[in-house]
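Heads up, final-v1.txt below (compact mmCIF, C-alpha atoms and all ligand atoms):
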```txt
# COMPACT_ATOMS: atom_id res chain seq x y z
CA MET A 1 55.71 40.70 130.63
CA CYS A 2 59.30 39.58 130.21
CA LYS A 3 60.98 39.76 126.86
CA VAL A 4 62.59 36.36 126.57
CA ARG A 5 64.95 37.09 123.75
CA GLN A 6 66.00 40.23 121.95
CA SER A 7 66.20 40.08 118.21
CA LEU A 8 69.65 39.46 116.87
CA GLN A 9 71.50 41.59 114.35
CA LEU A 10 74.58 40.87 112.24
CA THR A 11 77.47 43.22 111.67
CA MET A 12 80.82 42.99 109.94
CA ALA A 13 84.10 43.62 111.71
CA LEU A 14 87.58 43.83 110.27
CA LEU A 15 90.77 43.60 112.25
CA LYS A 16 93.21 45.69 110.23
CA PRO A 17 96.87 44.87 109.42
CA ASP A 18 98.22 46.72 112.51
CA VAL A 19 96.22 44.31 114.71
CA ILE A 20 96.98 41.13 112.82
CA ALA A 21 100.71 41.96 112.99
CA ASN A 22 100.43 41.77 116.77
CA PRO A 23 98.90 38.48 118.00
CA ILE A 24 98.67 39.65 121.61
CA VAL A 25 96.58 42.65 120.56
CA ALA A 26 94.47 40.49 118.20
CA THR A 27 93.74 38.05 121.04
CA GLU A 28 92.84 40.84 123.45
CA ILE A 29 90.45 42.37 120.90
CA LYS A 30 88.73 39.04 120.18
CA GLU A 31 88.34 38.36 123.91
CA THR A 32 86.90 41.85 124.41
CA ILE A 33 84.42 41.19 121.61
CA LEU A 34 83.25 38.00 123.34
CA ARG A 35 83.12 39.65 126.78
CA ASN A 36 80.79 42.27 125.28
CA GLY A 37 78.12 39.80 124.31
CA PHE A 38 78.96 39.16 120.67
CA PHE A 39 79.43 35.79 119.04
CA PHE A 40 81.55 35.06 115.99
CA VAL A 41 79.27 33.68 113.28
CA GLN A 42 82.04 33.31 110.69
CA SER A 43 85.66 34.39 110.49
CA ARG A 44 88.16 34.58 107.68
CA TYR A 45 91.87 35.40 107.62
CA LEU A 46 92.86 36.95 104.29
CA ARG A 47 94.83 39.58 102.46
CA LEU A 48 93.22 42.17 100.18
CA ASN A 49 95.01 43.04 96.99
CA ARG A 50 95.05 46.73 96.08
CA GLN A 51 92.12 46.40 93.68
CA LYS A 52 89.89 44.72 96.27
CA ALA A 53 90.87 47.29 98.92
CA GLU A 54 89.92 50.08 96.48
CA GLU A 55 86.60 48.35 95.84
CA PHE A 56 85.86 47.94 99.56
CA TYR A 57 86.55 51.63 100.26
CA GLN A 58 85.08 53.03 97.02
CA GLU A 59 82.77 55.40 98.99
CA HIS A 60 85.92 57.27 100.11
CA LYS A 61 87.43 57.61 96.62
CA GLY A 62 88.66 61.19 96.18
CA ARG A 63 89.13 61.86 99.91
CA PHE A 64 92.62 62.97 100.91
CA PHE A 65 93.27 59.78 102.90
CA TYR A 66 92.01 57.32 100.26
CA ASN A 67 95.39 56.35 98.82
CA ARG A 68 96.92 55.98 102.27
CA LEU A 69 93.96 53.90 103.43
CA VAL A 70 94.01 51.55 100.44
CA SER A 71 97.81 51.10 100.70
CA PHE A 72 97.54 50.29 104.39
CA MET A 73 94.62 47.89 104.01
CA SER A 74 96.46 45.91 101.33
CA SER A 75 99.81 45.99 103.16
CA GLY A 76 99.31 42.76 105.13
CA PRO A 77 96.83 40.15 106.32
CA ILE A 78 93.56 41.18 107.95
CA SER A 79 90.74 39.20 109.51
CA ALA A 80 87.05 39.57 108.69
CA HIS A 81 84.31 38.56 111.11
CA ILE A 82 80.55 38.32 110.99
CA LEU A 83 79.48 39.25 114.53
CA VAL A 84 76.08 38.77 116.11
CA ARG A 85 74.23 40.14 119.14
CA ASP A 86 71.22 42.42 119.74
CA ASP A 87 71.82 45.87 118.22
CA ALA A 88 75.18 44.60 116.99
CA ILE A 89 75.97 47.47 114.60
CA ARG A 90 75.65 50.16 117.23
CA HIS A 91 77.33 48.13 119.99
CA TRP A 92 80.33 47.21 117.82
CA ARG A 93 80.91 50.83 116.75
CA GLN A 94 80.61 51.92 120.37
CA LEU A 95 83.12 49.29 121.47
CA MET A 96 85.54 50.37 118.70
CA GLY A 97 85.31 54.07 119.59
CA PRO A 98 85.80 57.10 117.33
CA THR A 99 87.80 56.90 114.09
CA LYS A 100 90.11 59.77 114.96
CA VAL A 101 92.85 58.99 117.42
CA PHE A 102 92.82 62.41 119.10
CA LYS A 103 89.14 61.90 119.88
CA THR A 104 89.63 58.41 121.29
CA VAL A 105 92.45 59.60 123.53
CA TYR A 106 90.37 62.35 125.13
CA GLU A 107 86.83 61.02 124.85
CA CYS A 108 87.00 57.22 124.84
CA PRO A 109 90.38 56.02 126.14
CA ASN A 110 88.90 52.65 127.10
CA SER A 111 87.45 51.93 123.67
CA LEU A 112 89.38 49.49 121.48
CA ARG A 113 90.66 52.28 119.23
CA GLY A 114 91.51 54.30 122.32
CA ARG A 115 93.60 51.41 123.59
CA PHE A 116 95.12 50.15 120.34
CA GLY A 117 94.63 52.75 117.56
CA LEU A 118 97.91 54.11 116.22
CA THR A 119 96.79 56.84 113.77
CA ASP A 120 93.59 57.94 111.99
CA THR A 121 94.35 55.40 109.24
CA ARG A 122 95.99 52.67 111.32
CA ASN A 123 93.02 52.60 113.65
CA SER A 124 92.88 48.84 114.24
CA MET A 125 89.32 47.99 113.25
CA HIS A 126 86.40 48.56 110.94
CA GLY A 127 82.70 48.19 111.65
CA SER A 128 79.64 48.43 109.41
CA ASP A 129 77.74 51.69 109.93
CA SER A 130 74.18 50.57 109.00
CA GLU A 131 72.17 47.47 108.07
CA PRO A 132 72.51 47.99 104.29
CA THR A 133 76.27 48.51 104.74
CA ALA A 134 76.54 45.37 106.88
CA GLU A 135 74.76 43.37 104.15
CA ARG A 136 77.06 44.72 101.45
CA GLU A 137 80.20 44.14 103.53
CA ILE A 138 79.22 40.62 104.62
CA ALA A 139 78.56 39.76 100.96
CA PHE A 140 81.97 41.23 100.04
CA PHE A 141 83.95 39.07 102.47
CA PHE A 142 81.60 36.06 102.75
CA PRO A 143 79.90 35.68 99.35
CA GLU A 144 78.64 32.21 100.27
CA PHE A 145 76.88 33.43 103.45
CA ASP A 146 73.10 33.54 103.01
CA ILE A 147 72.04 36.57 105.09
CA ALA A 148 68.35 36.34 104.22
CA ARG A 149 68.24 32.70 105.28
CA TRP A 150 70.08 33.47 108.49
CA TYR A 151 67.54 36.16 109.46
CA ALA A 152 64.63 33.96 108.36
CA LYS A 153 65.83 31.28 110.79
CA ASP A 154 66.33 33.88 113.55
CA GLY A 155 70.03 33.35 113.77
CA GLU A 156 70.13 29.59 113.75
CA TYR A 157 72.07 27.91 111.05
CA PHE A 158 71.11 24.29 110.58
CA LEU A 159 73.50 21.89 108.94
P1 LIG A 201 85.35 52.43 109.41
O1 LIG A 201 84.55 52.72 108.15
O2 LIG A 201 86.72 51.88 109.16
O3 LIG A 201 84.60 51.69 110.45
O4 LIG A 201 85.62 53.82 110.10
P2 LIG A 201 84.63 54.98 110.28
O5 LIG A 201 83.30 54.70 109.68
O6 LIG A 201 84.73 55.33 111.72
O7 LIG A 201 85.40 56.07 109.43
P3 LIG A 201 85.20 56.54 107.93
O8 LIG A 201 85.00 58.01 107.96
O9 LIG A 201 84.21 55.67 107.23
O10 LIG A 201 86.64 56.29 107.35
C1 LIG A 201 86.99 55.00 106.87
C2 LIG A 201 88.41 54.70 107.23
O11 LIG A 201 89.27 55.64 106.60
C3 LIG A 201 90.42 55.82 107.39
N1 LIG A 201 90.67 57.24 107.61
N2 LIG A 201 91.87 57.75 107.57
N3 LIG A 201 92.59 61.22 108.28
C4 LIG A 201 92.85 59.98 107.92
O12 LIG A 201 93.97 59.61 107.66
C5 LIG A 201 91.74 59.06 107.84
N4 LIG A 201 90.44 59.35 108.05
C6 LIG A 201 89.77 58.17 107.89
C7 LIG A 201 90.22 55.09 108.68
O13 LIG A 201 90.93 53.88 108.61
C8 LIG A 201 88.75 54.82 108.72
O14 LIG A 201 88.52 53.65 109.45
MG MG A 202 82.93 54.03 107.66
```
As structure tokens, what does this structure read like?
Amino acid sequence: MCKVRQSLQLTMALLKPDVIANPIVATEIKETILRNGFFFVQSRYLRLNRQKAEEFYQEHKGRFFYNRLVSFMSSGPISAHILVRDDAIRHWRQLMGPTKVFKTVYECPNSLRGRFGLTDTRNSMHGSDSEPTAEREIAFFFPEFDIARWYAKDGEYFL
């Protein structure tokens, strides 16, 4: 029996300030996202103030890179995207590649971070790492987005 349609999953992607500062790179990344079977459900261009950046990365508070990360993420505009496809969380993290630049260079040079990542902090993108994280992060950037309703309607938003 054929499976007509795989179930859809949402994930949250951020394009970090190093990407937004370079429109050619931002365009290439968005095209790559589309070529890999994702759709953009909602997008937002914004800038985090330091307090909001600290809140977003609170799980990393106390790590040696926390201050550097928060400073970078509030240093310029970013874009936030709700992405959808089957198994979106796993596919988006795979497309991004590893966090650490030395790993991307040797192990995944064709991943987005392999192609565009500058350092371990200025690594171009963020992706949710689980369904609960995706829900929390979507609510953080898109408080008006009704995730439960979206899943209840199987990915169709009716106006
Ligand atoms: P993300 O949360 O951004 O998708 O990245 P991730 O899960 O692959 O990495 P995670 O360990 O959650 O780290 C979050 C972000 O912290 C920055 N970072 N900087 N050594 C460093 O300077 C360092 N290590 C991590 C990165 O920006 C990473 O995306
Ligand atoms: Mg993470």
Around all the atoms of ligand LIG 201 (chain A) listed in the file, with 8 Å of room on each side, what axis-aligned box do you get, giving centre and edge lengths in Å to one decimal, as JSON?
```
{"center_x": 88.6, "center_y": 56.5, "center_z": 109.2, "size_x": 26.7, "size_y": 25.5, "size_z": 21.1}
```
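One finds atom N4 of ligand LIG 201 (chain A) at 18.6 Å from CA of Trp92 (chain A).
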Exercise for review: Return as a PyMOL selection string every polymer residue, whether protein, DNA or RNA, with at least one atom no more than 10 Å from an atom of ligand LIG 201 (chain A); count only C-alpha atoms and all ligand atoms.
Suggested key: chain A and resi 12-16+56-57+59-60+63-70+72-73+92-93+96-101+117+119-129+133
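Each of A:Asp146, A:Asp154, A:Glu107, A:Glu137 was checked against ligand MG 202 (chain A) using only C-alpha atoms and all ligand atoms; the smallest atom-to-atom distance is that of A:Glu137.
Selecting by distance to (89.5, 50.5, 123.0) with a limit of 10 Å and using all atoms listed in the file, one obtains Ile29, Thr32, Gln94, Leu95, Met96, Gly97, Pro98, Thr104, Val105, Cys108, Pro109, Asn110, Ser111, Leu112, Arg113, Gly114, Arg115, Phe116, Gly117 and Ser124 of chain A.
Taking CA of Asp18 (chain A) and CA of Phe145 (chain A) as the two end points, the separation is 26.7 Å.
Nearest to ligand MG 202 (chain A) of all the residues A:Gly155, A:Ala134, A:Ile78, A:Phe142 is A:Ala134, counting only C-alpha atoms and all ligand atoms.
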Practice item. Might you pull out every residue within 10 Å of Ala21 (chain A), with all atoms listed in the file counted and same-chain residues fewer than 4 positions away left off, and present them as a PyMOL selection string? Key: chain A and resi 16-17+25-26+76-78
